[in-house]
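Notes follow once the structure below has been shown.
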Amino acid sequence: MCADSISSITDRCTKTRAICDNRSLMSGVIVEVSSRTFTIPFECPCCGAAPDSELTVAPSRQGASRVADEVARGVEFPYCRACVAHASAWSDASTTASGVALLGIAAGVVVAAAARLALGLVVIGCAIPLAMAIGASRRARAKAGRGPACASPGAAVSYLGGAGGTRRFTFASPTYTARFAEQNADQLINVSAELRTLVEGHRVARLVVPTPATPVTVVSAPPTLLQWVAKLEAAPGRAARRNTLQRALEVAHDGAERRPLIAAACRLELADLLDEMDERSSLAGRRRQLEAAIAHVRADNLADELRDAVLHELEARLRALD
């Protein structure tokens, strides 16, 4: 009876959390792209400010379960630090509340087994409201950290996963949704009527309220190859670095100019990947780490030239272990 009662309480907690997750996933219009390589607008998805940080958005539970032929991994979105702070606080609130609830349930099981069933249920009954109160308090602090332009107290992006190279997202900001769709117009699939209406409304709004023209007195020279490489090396994170590479490749049409850019970006991507590996592990362990890194790169949002270069280096390191 003790196990049945505790199991019933745990099931109710799990179902409640699942309902909340489903509501959060259905809060925005779904945008689906037909390629694992896509353009990410270089602005904060939450408030629209210039990004000075980034946020890795992991696939949702439902999205991760649908991934069959590629590794489920997060996508780095450019973000501003203020929005990273309140989004992280919102996420930590749920994690902390769940931890307190699970600890209370575990303590209740121990008490029920060692003493009395009724006493164990009392412990569990006290732990769950306490967890809810802690979660509510921390979410309130996260909401207080929002700016007036913020679209969500938590992460403003939901990554719904994908399969066969497709990617599915929802965004809390309608403006960001429209801009993401516009910048990936050639790759959009399964476009809903809601998304078409949103993109059209965004286009009309730009025509009605045009951006004021500003006089330009001096036109600066375009960055040189060395300056582009310096910008890549100075980028604060993966999202900023990939945006810089994209802008550089848009103006570098000659192979002699593109190769040094790809080589510099490849070196930086490899450094990030190798930093995550444990070189002290066994030969079999290093092999598994390299195989996992190769799978990640194949599924990652990288320019084709950069993906090929990074895969070439990782596969060479893997062959060297033979």
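By convention in this document, the chains of the structure tokens carry letters A, B, ... by their order, each chain's residues are numbered from 1, and ligands are numbered from 1 in the order they are shown.
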
Q. Any idea what's packed within 6 Å of stretch 47-56 of chain A, counting only C-alpha atoms, ignoring anything in its chain fewer than 4 positions away? Could you give it as a ChimeraX atom specification?
A. /A:43,74-81,149-150

Written file, previous selection with C-alpha atoms, as a compact mmCIF listing (two decimals), in the first residue's frame:
# COMPACT_ATOMS: atom_id res chain seq x y z
CA GLU A 43 19.66 39.49 -32.23
CA GLY A 74 21.34 21.79 -28.58
CA VAL A 75 21.37 24.79 -30.88
CA GLU A 76 23.31 27.91 -29.88
CA PHE A 77 21.25 31.08 -30.21
CA PRO A 78 22.74 34.56 -29.80
CA TYR A 79 21.34 36.18 -26.67
CA CYS A 80 21.91 39.21 -24.49
CA ARG A 81 23.31 38.61 -21.02
CA ALA A 149 10.70 44.25 -24.32
CA CYS A 150 11.23 40.64 -23.18

Q: Within stretch 153-286 of chain A, find each residue whose DSSP state, derived from the backbone, is alpha helix (DSSP H), and express the selection as a PyMOL selection string.
A: chain A and resi 174-183+193-208+225-234+238-251+255-275+283-286

Q.
Can you tell me which residues surround A:Val229 at a distance of at most 9 Å, considering only C-alpha atoms, apart from same-chain residues fewer than 5 positions away, and format the answer as a VMD selection string?
A. chain A and resid 224 234 245 260 to 261 264 to 265

Q: With a distance cut-off of 9 Å and only C-alpha atoms, select the neighbouring residues of A:Thr244, excluding the residue or stretch itself and same-chain residues fewer than 2 positions from it, and output the selection as a ChimeraX atom specification.
A: /A:228,231-232,235,239-242,246-249

Q. Near stretch 140-143 of chain A, counting only C-alpha atoms, which residues have an atom at most 9 Å away, once you skip same-chain residues fewer than 6 positions from it, shown as a VMD selection string?
A. chain A and resid 85 to 90 93 152 to 154

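Nearest residue to A:Leu283 among A:Ala82, A:Ala221, A:Val204, A:Leu318 is A:Leu318, counting only C-alpha atoms.
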
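Atom pair atom CA of A:Ala303 / atom CA of A:Asn190 has a distance of 23.4 Å (rounded to one decimal).
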
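Residues lying within 12 Å of A:Leu198, counting only C-alpha atoms and ignoring same-chain neighbours fewer than 6 positions away, are A:Gly28, A:Val29, A:Ile30, A:Val31, A:Ser173, A:Pro174, A:Thr175, A:Tyr176, A:Thr177, A:Ala178, A:Arg179, A:Phe180, A:Ala181, A:Glu182, A:Val191, A:Ser192, A:Val204, A:Ala205.
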
Q: Pick out the closest residue to A:Gly145 from this set: A:Leu121, A:Leu195, A:Ala309, A:Cys83. Count only C-alpha atoms.
A: A:Cys83

Identify, with DSSP run on backbone atoms, the residues in stretch 69-318 of chain A assigned to strand (DSSP E or B), and express the list as a PDB file with N, CA and C atoms, in the first residue's frame.
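Contents of result09.pdb, as written:
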ATOM      1  N   VAL A  75      21.057  23.783 -29.875  1.00  0.00           N
ATOM      2  CA  VAL A  75      21.373  24.790 -30.884  1.00  0.00           C
ATOM      3  C   VAL A  75      21.733  26.077 -30.156  1.00  0.00           C
ATOM      4  N   GLU A  76      22.883  26.670 -30.522  1.00  0.00           N
ATOM      5  CA  GLU A  76      23.311  27.910 -29.880  1.00  0.00           C
ATOM      6  C   GLU A  76      22.618  29.095 -30.537  1.00  0.00           C
ATOM      7  N   PHE A  77      21.901  29.863 -29.734  1.00  0.00           N
ATOM      8  CA  PHE A  77      21.253  31.079 -30.207  1.00  0.00           C
ATOM      9  C   PHE A  77      21.947  32.288 -29.588  1.00  0.00           C
ATOM     10  N   PRO A  78      22.208  33.326 -30.395  1.00  0.00           N
ATOM     11  CA  PRO A  78      22.738  34.559 -29.798  1.00  0.00           C
ATOM     12  C   PRO A  78      21.728  35.139 -28.836  1.00  0.00           C
ATOM     13  N   TYR A  79      22.200  35.664 -27.732  1.00  0.00           N
ATOM     14  CA  TYR A  79      21.338  36.178 -26.666  1.00  0.00           C
ATOM     15  C   TYR A  79      22.034  37.365 -26.018  1.00  0.00           C
ATOM     16  N   VAL A 157      13.007  30.496 -26.919  1.00  0.00           N
ATOM     17  CA  VAL A 157      13.122  29.563 -28.043  1.00  0.00           C
ATOM     18  C   VAL A 157      12.817  28.157 -27.545  1.00  0.00           C
ATOM     19  N   SER A 158      12.009  27.423 -28.291  1.00  0.00           N
ATOM     20  CA  SER A 158      11.793  26.000 -28.042  1.00  0.00           C
ATOM     21  C   SER A 158      12.254  25.227 -29.273  1.00  0.00           C
ATOM     22  N   TYR A 159      13.169  24.302 -29.067  1.00  0.00           N
ATOM     23  CA  TYR A 159      13.701  23.466 -30.139  1.00  0.00           C
ATOM     24  C   TYR A 159      12.953  22.140 -30.085  1.00  0.00           C
ATOM     25  N   ARG A 167      14.546  20.701 -39.026  1.00  0.00           N
ATOM     26  CA  ARG A 167      14.601  21.269 -37.683  1.00  0.00           C
ATOM     27  C   ARG A 167      13.299  22.036 -37.433  1.00  0.00           C
ATOM     28  N   ARG A 168      12.751  21.941 -36.218  1.00  0.00           N
ATOM     29  CA  ARG A 168      11.487  22.592 -35.890  1.00  0.00           C
ATOM     30  C   ARG A 168      11.674  23.447 -34.640  1.00  0.00           C
ATOM     31  N   PHE A 169      11.151  24.679 -34.692  1.00  0.00           N
ATOM     32  CA  PHE A 169      11.294  25.610 -33.586  1.00  0.00           C
ATOM     33  C   PHE A 169       9.978  26.344 -33.340  1.00  0.00           C
ATOM     34  N   THR A 170       9.823  26.844 -32.123  1.00  0.00           N
ATOM     35  CA  THR A 170       8.831  27.870 -31.844  1.00  0.00           C
ATOM     36  C   THR A 170       9.541  28.982 -31.082  1.00  0.00           C
ATOM     37  N   PHE A 171       9.042  30.205 -31.237  1.00  0.00           N
ATOM     38  CA  PHE A 171       9.643  31.370 -30.594  1.00  0.00           C
ATOM     39  C   PHE A 171       8.565  32.152 -29.865  1.00  0.00           C
ATOM     40  N   LEU A 188      11.868  26.798 -45.760  1.00  0.00           N
ATOM     41  CA  LEU A 188      10.673  26.545 -44.962  1.00  0.00           C
ATOM     42  C   LEU A 188       9.853  25.400 -45.553  1.00  0.00           C
ATOM     43  N   ILE A 189       9.344  24.542 -44.692  1.00  0.00           N
ATOM     44  CA  ILE A 189       8.434  23.474 -45.116  1.00  0.00           C
ATOM     45  C   ILE A 189       7.272  23.418 -44.129  1.00  0.00           C
TER      46      ILE A 189
END

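Residues surrounding A:Met277 within 12 Å are Leu270, Ala271, Asp272, Ser282, Gly285, Arg286, Arg287, Arg288, Gln289, Leu290, Glu291, Ala292 and Ala293 of chain A [only C-alpha atoms; sequence separation below 5 positions excluded].
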
Dump as an mmCIF file, in the first residue's frame, selection limited to N, CA and C atoms:
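Written output follows (part32.cif):
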data_model
loop_
_atom_site.group_PDB
_atom_site.id
_atom_site.type_symbol
_atom_site.label_atom_id
_atom_site.label_comp_id
_atom_site.auth_asym_id
_atom_site.auth_seq_id
_atom_site.Cartn_x
_atom_site.Cartn_y
_atom_site.Cartn_z
ATOM 1 N N LEU A 270 37.243 23.189 -33.569
ATOM 2 C CA LEU A 270 37.936 22.020 -33.042
ATOM 3 C C LEU A 270 38.379 22.249 -31.598
ATOM 4 N N ALA A 271 38.859 23.467 -31.317
ATOM 5 C CA ALA A 271 39.297 23.773 -29.951
ATOM 6 C C ALA A 271 38.147 23.592 -28.961
ATOM 7 N N ASP A 272 36.951 24.049 -29.348
ATOM 8 C CA ASP A 272 35.783 23.871 -28.471
ATOM 9 C C ASP A 272 35.475 22.397 -28.254
ATOM 10 N N SER A 282 40.903 6.150 -21.652
ATOM 11 C CA SER A 282 41.532 5.042 -22.380
ATOM 12 C C SER A 282 41.402 5.239 -23.887
ATOM 13 N N GLY A 285 37.941 4.909 -24.820
ATOM 14 C CA GLY A 285 37.194 6.091 -24.402
ATOM 15 C C GLY A 285 37.405 7.256 -25.346
ATOM 16 N N ARG A 286 38.655 7.490 -25.775
ATOM 17 C CA ARG A 286 38.932 8.583 -26.720
ATOM 18 C C ARG A 286 38.243 8.324 -28.053
ATOM 19 N N ARG A 287 38.201 7.055 -28.445
ATOM 20 C CA ARG A 287 37.517 6.712 -29.686
ATOM 21 C C ARG A 287 36.023 7.052 -29.588
ATOM 22 N N ARG A 288 35.406 6.689 -28.462
ATOM 23 C CA ARG A 288 33.981 6.993 -28.287
ATOM 24 C C ARG A 288 33.742 8.505 -28.275
ATOM 25 N N GLN A 289 34.633 9.248 -27.662
ATOM 26 C CA GLN A 289 34.484 10.701 -27.626
ATOM 27 C C GLN A 289 34.590 11.299 -29.027
ATOM 28 N N LEU A 290 35.542 10.818 -29.812
ATOM 29 C CA LEU A 290 35.694 11.330 -31.177
ATOM 30 C C LEU A 290 34.500 10.936 -32.037
ATOM 31 N N GLU A 291 34.006 9.731 -31.876
ATOM 32 C CA GLU A 291 32.832 9.307 -32.649
ATOM 33 C C GLU A 291 31.613 10.147 -32.284
ATOM 34 N N ALA A 292 31.471 10.455 -31.001
ATOM 35 C CA ALA A 292 30.354 11.312 -30.581
ATOM 36 C C ALA A 292 30.513 12.724 -31.145
ATOM 37 N N ALA A 293 31.738 13.240 -31.154
ATOM 38 C CA ALA A 293 31.985 14.579 -31.706
ATOM 39 C C ALA A 293 31.678 14.612 -33.197
#

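Interatomic distance, atom CA of A:Ser34 against atom CA of A:Leu268: 27.0 Å.
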
Q) Which of these residues is nearest to A:Ala163, using only C-alpha atoms: A:Gly147, A:Pro59, A:Gly125, A:Gly237? A) A:Pro59

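Shortest separation to A:Pro45 among A:Ala230, A:Ala284, A:Gly164, A:Val57 occurs at residue A:Val57, atoms counted being only C-alpha atoms.
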
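Nearest to A:Asn184 of all the residues A:Arg267, A:Ala252, A:Val100, A:Val199 is A:Val199, based on only C-alpha atoms.
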
Q) Pick the closest to A:Arg258 from A:Ala193, A:Leu306, A:Val33, A:Ala113: which is it, counting only C-alpha atoms? A) A:Leu306

Q: Record the distance separating atom CA of A:Leu160 and atom CA of A:Arg73, expressed in Å with one decimal.
A: 11.0 Å
